[in-house]
Amino acid sequence: MPRIPNGNEEDAVKNSSTTNLNGIGEHDRQKNAYQMKDLHAPGNSRGQKKPFLRVLDQGGVPVAAKEIVLGSSTWIPEAPDALVTFITGNVHFDQWRRDDFRSALQGGFIKLINSLNLAIFDDGMHYGLSKVLGDVVREEEMLKKITTTKGGRPPLIGIVNLNRLRDQDYPDDMIRPDDASSIFTIESEHAVKLPLDPNHSHHVFLPNQSYREAGLTRVALEKAIQEELSIRASTDASEAGKRVIPMVAFLFQGELDDLERVKAYCEQGIPVVVMEGCGGLGDVLSAAISDSAEMDGNRLRSSIDQKLHKTFPTLKNSEYGSVDTINLVLDILTLSHGDRHALLLSVVNCRLIDTFASLNSAVLKSAINSSSARASPELFASFLMLAVKCNKPDVATSMLLARPPWCNMELPVQAFEMALILPGREKFVDFYLLQQFPVRKYLSHLKLLKLFREAKDRQFFPEHVWEGILRYSLTQPIQPEFIVADLNKLISKLTGIRDYIDVYELSASAFGENTSVDVSTAERKAMNALLVFAALFNRPNLVKVLIKYSSEPLLQALFAESLYHGLYRNVSHFAMSEVLQFTCNQFAQIATDLLDKAVTVSPIRGHGILTRRFPDFNNKTPLEIAYDTNNKQFVAHTNVQSWLDQYYFNFVKVKGAWDNLKLFLSAIFIFPMYIWLSFPRLRKVPPVPSRDDIPSQDGVFRPKSAQDAEKILAKVQRIQAGEQAADRSTEVVPRPPFMEMLRAVWAAPAVRFYTWHMFYWMFLILICVDIMLPPCRFIGVDIAVFVLTISMWCEIVLRTVYDMQRFRRVHWVERSYDLISQTVFNILFFLYRIAPYRYDHPFAGRVILAFGIVYYCYRVWGWFYYMDKTIGPLIRVTVQMFRLDLSRWIVLIAPFLISTSLIFMGVINPDWPATGDDWRHAFYRGIFNLFGAFNNELEYTPACENPGTKVSPNSYLPSAPNGNRWIHKNRTGLADGQPDYRCWSGDYNNYNCATISFWSYFFVIQYYVFLKLGMGNMLTAFYVTRNIAAARQGPAVWKYHRCRIILDYATRTSLPPPFYALGYIYKMIRYCMKPKGSKGSHLSSGVATTGGNDSGDSFTYWKGLALEYFRGKEMQENMANMPRQQLDM
């Protein structure tokens, strides 16, 4: 512990009057304060006033407690969670030699005051533990001011024994006691006078009594304060019932005279936590508690006597004092148990440095142990709230939730709400949901608003969602309109699901007014709203708990993945975006694991849920939700792909190989479907066998009588003999009606895909023929091309509108590219190939048609080739190579390419005229050198050696005989007046002749070496790296896009453009002819069901499946952490 302060430390000097509180009937209370002064400069006021009270005798204790709690300047403005008092003494403080223990103790105090709203009582001296507490409170107060954190300093009240107070710290009107007349015990003969601690918020001065009597007065005062606070808290509480504020005492070291105070605490039912290993009285009591479990009678007295004499050597001189002290210790041990079955003494081992980090756990355990005999719902709620605030789920489970009489009490709503407000309390929420806590009765829009306003983790939601996504100011409060209107808009922006939370139904269920919604639906909607709250505050563990107890765990896992997917795409902070993406992948894995587990347990339920529609998610199926949120991991799952393979053929079975070709030929020629195809979905369900034919558990049919047995045996004998083959059990299943089979074949996405594919190739042939024909003679071909392109454009527009109305995901980048490209092409094609003035620009029309051919031919990759299992992944890798790697490579090579192209023109052809053609020549020379070398650029050219082109000194003279004089001209072609010899740089008068020099070879060689041996290999390395990375992700990406194409063709008609209008008319007629109750399911989605029994997808099955899955995950985590836990032990 810190040493006794010397003369250089601060002193506290009081200069104001006190209040005399002599008894209960005293009503003349007066506001008082003392002026703190600096010890180093007496009289220099710091202007900080602090209230204090003086208690003259035991009769003034109740009035003082009321003044502290209910006075006009109340010392404890808010009802605390608990009261904590410290028994330390002022003599037997040994200084710890290890600074890490002292720092751990301060850290434990900081954690204690931050986790709980406490009112703290101690000696109030600037020494030892009181000084540590004062420093901790002051530093935390300064930190909160710097960080603008809400919350003030906890009330730190020093209850001062005037016999231990330094003379200069007395208020002016207090009579200083005579040291000679003071009553001291054996251990306090050498007591040191100590100063007041300046960091305490309040002080209470006890009368001039002995240390023991002052300790008893302090116990009475603290008990009175506890009772007054409990009464005030019960009066202020909105909930019915009496609130009890627990009180816990810590014995840290301590003097011999503190035994009386420990006994008084036990008599009052206040638990005492003994800090073992700190020395002083604490070690004596901890040893006595330990020995009392194994020793009895004289052995225990002897052990206590030895420990007392070792700790307090002065007791050896007083035999009667030793006996009285031992008897007092034994009385304390008896009181700690008593007849109330309440444990009032608990021991904390301070020899372990980790102990100080769990002081809040010691407060909680001791408070619960001391109250078992007087258990009540109010105490249960109070202790559970303390456990939630301290985040001690293990303590709450072992000492409250699983131990009588507490376990039989009703769970308080306040603790559940606090577990949602405070982060990291998922285990408490887990327990509440395990006990089937009715969330629907708690969560209204007002409670949801309270959660958003009061949630303590204020880093993610305010910064990244409130300000980053919603664009609100951080200082702007959350209004009720956010829950009613803006929250659904935010969910729609993140996930694409609209009107997810019905605020009216949510609040009506909580208020008990909603009779139109059943209990399970109301509970599901309340859980959905809580999941949104947990995801927006980035609490993935809480989201997992809500998924664990959801009635639709697979849907909730997919929805959580979509929320985090939207968050990481909209959050601009890079590091946070990576964290959110990792969390998104976790929930995608959870959804995949749940589906895998469901298929393993029950294939019908596992595959059936893929096509079930859920009203909470805009009537979407799980597969559509996964597709809309780009959940490649779920879509690429084996079970999903297996279902897609069946759905691709509309659940039509194809015999043998070449299944795609056989199905398409069956759709075209009709008759092969009787040979190659079977239709299991169109078969009638066989009748349920009679009870007589039901086999027993061992699979053997049990005939009822001997006559039945003889009939069965006779039938078997006839079959074996080859007689009556018609009686055999194997019967030919009749085929479905012709029109149903034909409709099933043409409704298969595979048939639609190949039909549209075949039409598209015919269109490509037509447009390629059109560009080869003269535009002035074959106007009919142009019109046919225009009609087909317009029909394809209209089909894209209709499909976009359809997807938006069904809340399906639209790939806007690709869809916008198609719409804009086709719109521009159709307009220009009509103007330059069909309009009357098309003859004015025939070449422009051919160029436009050429662009159309390039566009429509390239679209074959993404529209049709992608479905192939071999070519599809390669196309995906190739697209990524061009889109990512090639663009990066061009950025790398651009500075080198530009500089070298200009150098070539400046060194090899230095005299090229500056007419713009020089830039064109430099551009194509640099670009085409990427694909091949101009290897003849520096070759010797004999024609350049002619006298007319060779530069000589005489050629620049005006009287040159050859008359081939070069005149320097500007860009306009006029002579600029510059002399010839100043502007000509090359060796030849002809600027087309290359100037060959050492520098020409130097720059050409460095260019080709860098390009061919450096940048070319770098591009290859980019492609190889991309191919290796795509080997892990490529299959999943391809499977996702394959699902996208299948679902896309499922919503199209069976007829390609321009005949698709007939298909839409046929769909509309079928829709109008259907019964009213079954119209929505077919028109709202292209996903067909497998005909499985949806009743099996019950609440019990999926909830049990999720519980089993998450419990398995928890067991795996516990097994992984077991070696570390064993090392810690």
# chains A, B, ... in the order shown; residues from 1 in each chain; ligands from 1

$ residues_around --residues "Ser230 of chain A" --least-positions-apart "5" --cutoff "12 Å" --atoms "only C-alpha atoms" --output "ChimeraX atom specification"
/A:66,69-70,78-83,223-225,235-237,241-247,378-379,382

$ residues_around --residues "segment 864-877 of chain A" --least-positions-apart "5" --cutoff "7 Å" --atoms "only C-alpha atoms" --output "list in words"
His757, Asn1027, Ala1030, Gly1034, Pro1035, Trp1038 and Arg1042 of chain A

$ write_last_selection --atoms "N, CA and C atoms" --output "PDB file, in the first residue's frame"
ATOM      1  N   HIS A 757     -31.184 -19.149 -76.542  1.00  0.00           N
ATOM      2  CA  HIS A 757     -29.823 -19.259 -77.070  1.00  0.00           C
ATOM      3  C   HIS A 757     -29.841 -19.482 -78.584  1.00  0.00           C
ATOM      4  N   ASN A1027      -5.447 -16.453 -61.341  1.00  0.00           N
ATOM      5  CA  ASN A1027      -5.938 -17.809 -61.565  1.00  0.00           C
ATOM      6  C   ASN A1027      -5.846 -18.645 -60.294  1.00  0.00           C
ATOM      7  N   ALA A1030      -8.559 -17.418 -57.990  1.00  0.00           N
ATOM      8  CA  ALA A1030      -9.873 -17.825 -58.485  1.00  0.00           C
ATOM      9  C   ALA A1030     -10.111 -19.310 -58.304  1.00  0.00           C
ATOM     10  N   GLY A1034     -13.426 -19.040 -57.405  1.00  0.00           N
ATOM     11  CA  GLY A1034     -14.071 -19.110 -58.704  1.00  0.00           C
ATOM     12  C   GLY A1034     -15.281 -20.017 -58.761  1.00  0.00           C
ATOM     13  N   PRO A1035     -15.187 -21.260 -58.248  1.00  0.00           N
ATOM     14  CA  PRO A1035     -16.379 -22.127 -58.310  1.00  0.00           C
ATOM     15  C   PRO A1035     -17.593 -21.555 -57.605  1.00  0.00           C
ATOM     16  N   TRP A1038     -18.978 -18.732 -59.729  1.00  0.00           N
ATOM     17  CA  TRP A1038     -19.670 -19.247 -60.918  1.00  0.00           C
ATOM     18  C   TRP A1038     -21.016 -19.867 -60.546  1.00  0.00           C
ATOM     19  N   ARG A1042     -24.559 -18.809 -61.955  1.00  0.00           N
ATOM     20  CA  ARG A1042     -25.390 -19.827 -62.588  1.00  0.00           C
ATOM     21  C   ARG A1042     -26.797 -19.810 -61.984  1.00  0.00           C
TER      22      ARG A1042
END

$ closest_atom_pairs --of "segment 556-663 of chain A" --to "segment 510-522 of chain A" --cutoff "12 Å" --atoms "only C-alpha atoms" --output "Markdown table"
| residue | atom | partner | partner_atom | distance |
| --- | --- | --- | --- | --- |
| A:Phe614 | CA | A:Thr521 | CA | 11.7 |
| A:Pro615 | CA | A:Thr521 | CA | 10.7 |
| A:Asp616 | CA | A:Thr521 | CA | 9.9 |

$ write_last_selection --atoms "all heavy atoms" --output "JSON list (two decimals), in the first residue's frame"
[["chain", "number", "residue", "atom", "x", "y", "z"],
["A", 614, "PHE", "N", -41.94, -16.43, -47.26],
["A", 614, "PHE", "CA", -42.09, -15.89, -45.92],
["A", 614, "PHE", "C", -42.60, -14.46, -46.03],
["A", 614, "PHE", "O", -41.94, -13.60, -46.64],
["A", 614, "PHE", "CB", -40.77, -15.95, -45.17],
["A", 614, "PHE", "CG", -40.30, -17.35, -44.90],
["A", 614, "PHE", "CD1", -39.59, -18.05, -45.84],
["A", 614, "PHE", "CD2", -40.60, -17.96, -43.69],
["A", 614, "PHE", "CE1", -39.16, -19.34, -45.60],
["A", 614, "PHE", "CE2", -40.19, -19.25, -43.43],
["A", 614, "PHE", "CZ", -39.47, -19.95, -44.39],
["A", 615, "PRO", "N", -43.75, -14.18, -45.44],
["A", 615, "PRO", "CA", -44.33, -12.84, -45.57],
["A", 615, "PRO", "C", -43.46, -11.73, -44.98],
["A", 615, "PRO", "O", -43.50, -10.60, -45.47],
["A", 615, "PRO", "CB", -45.67, -12.96, -44.81],
["A", 615, "PRO", "CG", -45.96, -14.43, -44.77],
["A", 615, "PRO", "CD", -44.64, -15.11, -44.72],
["A", 616, "ASP", "N", -42.70, -12.04, -43.93],
["A", 616, "ASP", "CA", -41.87, -11.00, -43.31],
["A", 616, "ASP", "C", -40.79, -10.49, -44.25],
["A", 616, "ASP", "O", -40.25, -9.39, -44.04],
["A", 616, "ASP", "CB", -41.22, -11.54, -42.03],
["A", 616, "ASP", "CG", -42.25, -11.83, -40.96],
["A", 616, "ASP", "OD1", -43.39, -11.32, -41.08],
["A", 616, "ASP", "OD2", -41.94, -12.57, -40.00]]

$ closest_atom_pairs --of "segment 189-226 of chain A" --to "segment 112-128 of chain A" --cutoff "8 Å" --atoms "only C-alpha atoms" --output "CSV"
residue,atom,partner,partner_atom,distance
A:Leu194,CA,A:Met125,CA,6.3
A:Pro195,CA,A:His126,CA,5.6
A:Leu196,CA,A:Met125,CA,4.5
A:Asp197,CA,A:His126,CA,4.0
A:Pro198,CA,A:His126,CA,7.4
A:His200,CA,A:Gly124,CA,6.8
A:His203,CA,A:Gly124,CA,6.9

$ residues_around --residues "Asn585 of chain A" --least-positions-apart "3" --cutoff "12 Å" --atoms "only C-alpha atoms" --output "ChimeraX atom specification"
/A:540,557-558,560-565,568,578-582,588-592,629-634

$ residues_around --residues "Ile326 of chain A" --least-positions-apart "4" --cutoff "9 Å" --atoms "only C-alpha atoms" --output "PDB file with N, CA, C and O atoms, in the first residue's frame"
ATOM      1  N   ARG A 301      -8.890 -22.170  18.595  1.00  0.00           N
ATOM      2  CA  ARG A 301      -8.458 -21.042  19.422  1.00  0.00           C
ATOM      3  C   ARG A 301      -6.939 -20.907  19.385  1.00  0.00           C
ATOM      4  O   ARG A 301      -6.401 -19.790  19.323  1.00  0.00           O
ATOM      5  N   ILE A 304      -5.917 -19.372  16.031  1.00  0.00           N
ATOM      6  CA  ILE A 304      -6.207 -17.934  15.985  1.00  0.00           C
ATOM      7  C   ILE A 304      -5.224 -17.163  16.857  1.00  0.00           C
ATOM      8  O   ILE A 304      -4.759 -16.070  16.481  1.00  0.00           O
ATOM      9  N   ASP A 305      -4.897 -17.723  18.018  1.00  0.00           N
ATOM     10  CA  ASP A 305      -3.956 -17.061  18.921  1.00  0.00           C
ATOM     11  C   ASP A 305      -2.591 -16.898  18.276  1.00  0.00           C
ATOM     12  O   ASP A 305      -1.963 -15.828  18.370  1.00  0.00           O
ATOM     13  N   LEU A 308      -2.786 -14.164  15.613  1.00  0.00           N
ATOM     14  CA  LEU A 308      -2.899 -12.838  16.207  1.00  0.00           C
ATOM     15  C   LEU A 308      -1.567 -12.346  16.736  1.00  0.00           C
ATOM     16  O   LEU A 308      -1.190 -11.186  16.522  1.00  0.00           O
ATOM     17  N   GLY A 321      -6.233  -9.260  26.981  1.00  0.00           N
ATOM     18  CA  GLY A 321      -6.542  -8.705  25.651  1.00  0.00           C
ATOM     19  C   GLY A 321      -6.539  -9.787  24.580  1.00  0.00           C
ATOM     20  O   GLY A 321      -7.383  -9.774  23.674  1.00  0.00           O
ATOM     21  N   SER A 322      -5.646 -10.772  24.689  1.00  0.00           N
ATOM     22  CA  SER A 322      -5.606 -11.863  23.714  1.00  0.00           C
ATOM     23  C   SER A 322      -6.859 -12.719  23.807  1.00  0.00           C
ATOM     24  O   SER A 322      -7.462 -13.087  22.788  1.00  0.00           O
ATOM     25  N   LEU A 330     -14.123 -15.471  17.338  1.00  0.00           N
ATOM     26  CA  LEU A 330     -15.059 -16.594  17.305  1.00  0.00           C
ATOM     27  C   LEU A 330     -16.504 -16.100  17.210  1.00  0.00           C
ATOM     28  O   LEU A 330     -17.343 -16.729  16.535  1.00  0.00           O
ATOM     29  N   ASP A 331     -16.812 -14.996  17.882  1.00  0.00           N
ATOM     30  CA  ASP A 331     -18.152 -14.436  17.745  1.00  0.00           C
ATOM     31  C   ASP A 331     -18.443 -14.016  16.304  1.00  0.00           C
ATOM     32  O   ASP A 331     -19.557 -14.197  15.805  1.00  0.00           O
TER      33      ASP A 331
END

$ atom_distance --atom1 "atom CA of Asn619 of chain A" --atom2 "atom CA of Ser509 of chain A"
22.3 Å

$ atom_distance --atom1 "atom CA of Gly468 of chain A" --atom2 "atom CA of Val571 of chain A"
6.9 Å

$ atom_distance --atom1 "atom CA of Asp296 of chain A" --atom2 "atom CA of Val284 of chain A"
16.4 Å

$ closest_residue --among "A:His464, A:Arg403, A:Arg374, A:Arg539" --to "Gly424 of chain A" --atoms "only C-alpha atoms"
A:Arg539

$ residues_around --residues "Val274 of chain A" --least-positions-apart "2" --cutoff "12 Å" --atoms "only C-alpha atoms" --output "JSON, numbers by chain"
{"A": [86, 87, 88, 248, 249, 250, 251, 252, 253, 254, 259, 262, 271, 272, 276, 277, 278, 279, 280, 281, 282, 283, 284, 285, 286, 287, 288, 289, 290, 344, 345, 346, 347, 348, 349, 350, 359, 362, 363, 366]}

$ write_last_selection --atoms "C-alpha atoms" --output "CSV table (one decimal), in the first residue's frame"
chain,number,residue,atom,x,y,z
A,86,PHE,CA,-13.8,0.0,3.4
A,87,ILE,CA,-12.4,-1.1,6.7
A,88,THR,CA,-8.7,-0.2,6.5
A,248,VAL,CA,-20.9,-4.5,1.2
A,249,ALA,CA,-17.9,-3.9,3.4
A,250,PHE,CA,-14.3,-4.6,2.4
A,251,LEU,CA,-11.7,-5.5,5.1
A,252,PHE,CA,-8.4,-4.4,3.7
A,253,GLN,CA,-5.5,-5.0,6.1
A,254,GLY,CA,-7.2,-3.3,9.2
A,259,LEU,CA,-12.8,-6.3,15.0
A,262,VAL,CA,-16.6,-6.2,11.6
A,271,PRO,CA,-21.6,-8.8,4.3
A,272,VAL,CA,-17.8,-8.3,4.8
A,276,GLU,CA,-6.5,-12.2,2.2
A,277,GLY,CA,-2.8,-11.6,1.6
A,278,CYS,CA,-2.8,-7.9,2.3
A,279,GLY,CA,-1.7,-8.2,5.9
A,280,GLY,CA,-3.2,-6.9,9.1
A,281,LEU,CA,-6.5,-8.1,10.5
A,282,GLY,CA,-7.6,-9.4,7.1
A,283,ASP,CA,-5.1,-12.2,7.2
A,284,VAL,CA,-6.1,-13.1,10.7
A,285,LEU,CA,-9.8,-13.4,9.8
A,286,SER,CA,-9.1,-15.2,6.5
A,287,ALA,CA,-7.0,-17.8,8.4
A,288,ALA,CA,-9.7,-18.2,11.0
A,289,ILE,CA,-12.4,-18.8,8.4
A,290,SER,CA,-10.2,-21.4,6.6
A,344,LEU,CA,-21.7,-12.8,5.8
A,345,LEU,CA,-18.0,-13.4,5.5
A,346,SER,CA,-16.2,-14.2,2.3
A,347,VAL,CA,-12.5,-14.3,1.4
A,348,VAL,CA,-10.8,-12.9,-1.6
A,349,ASN,CA,-7.2,-14.1,-2.3
A,350,CYS,CA,-5.2,-11.0,-3.1
A,359,LEU,CA,-13.8,-6.8,-7.2
A,362,ALA,CA,-16.8,-10.1,-4.9
A,363,VAL,CA,-19.4,-7.3,-4.3
A,366,SER,CA,-21.2,-11.3,-0.9

$ residues_around --residues "Pro477 of chain A" --least-positions-apart "4" --cutoff "12 Å" --atoms "only C-alpha atoms" --output "ChimeraX atom specification"
/A:449-450,452-454,462,466-467,472-473,481-482
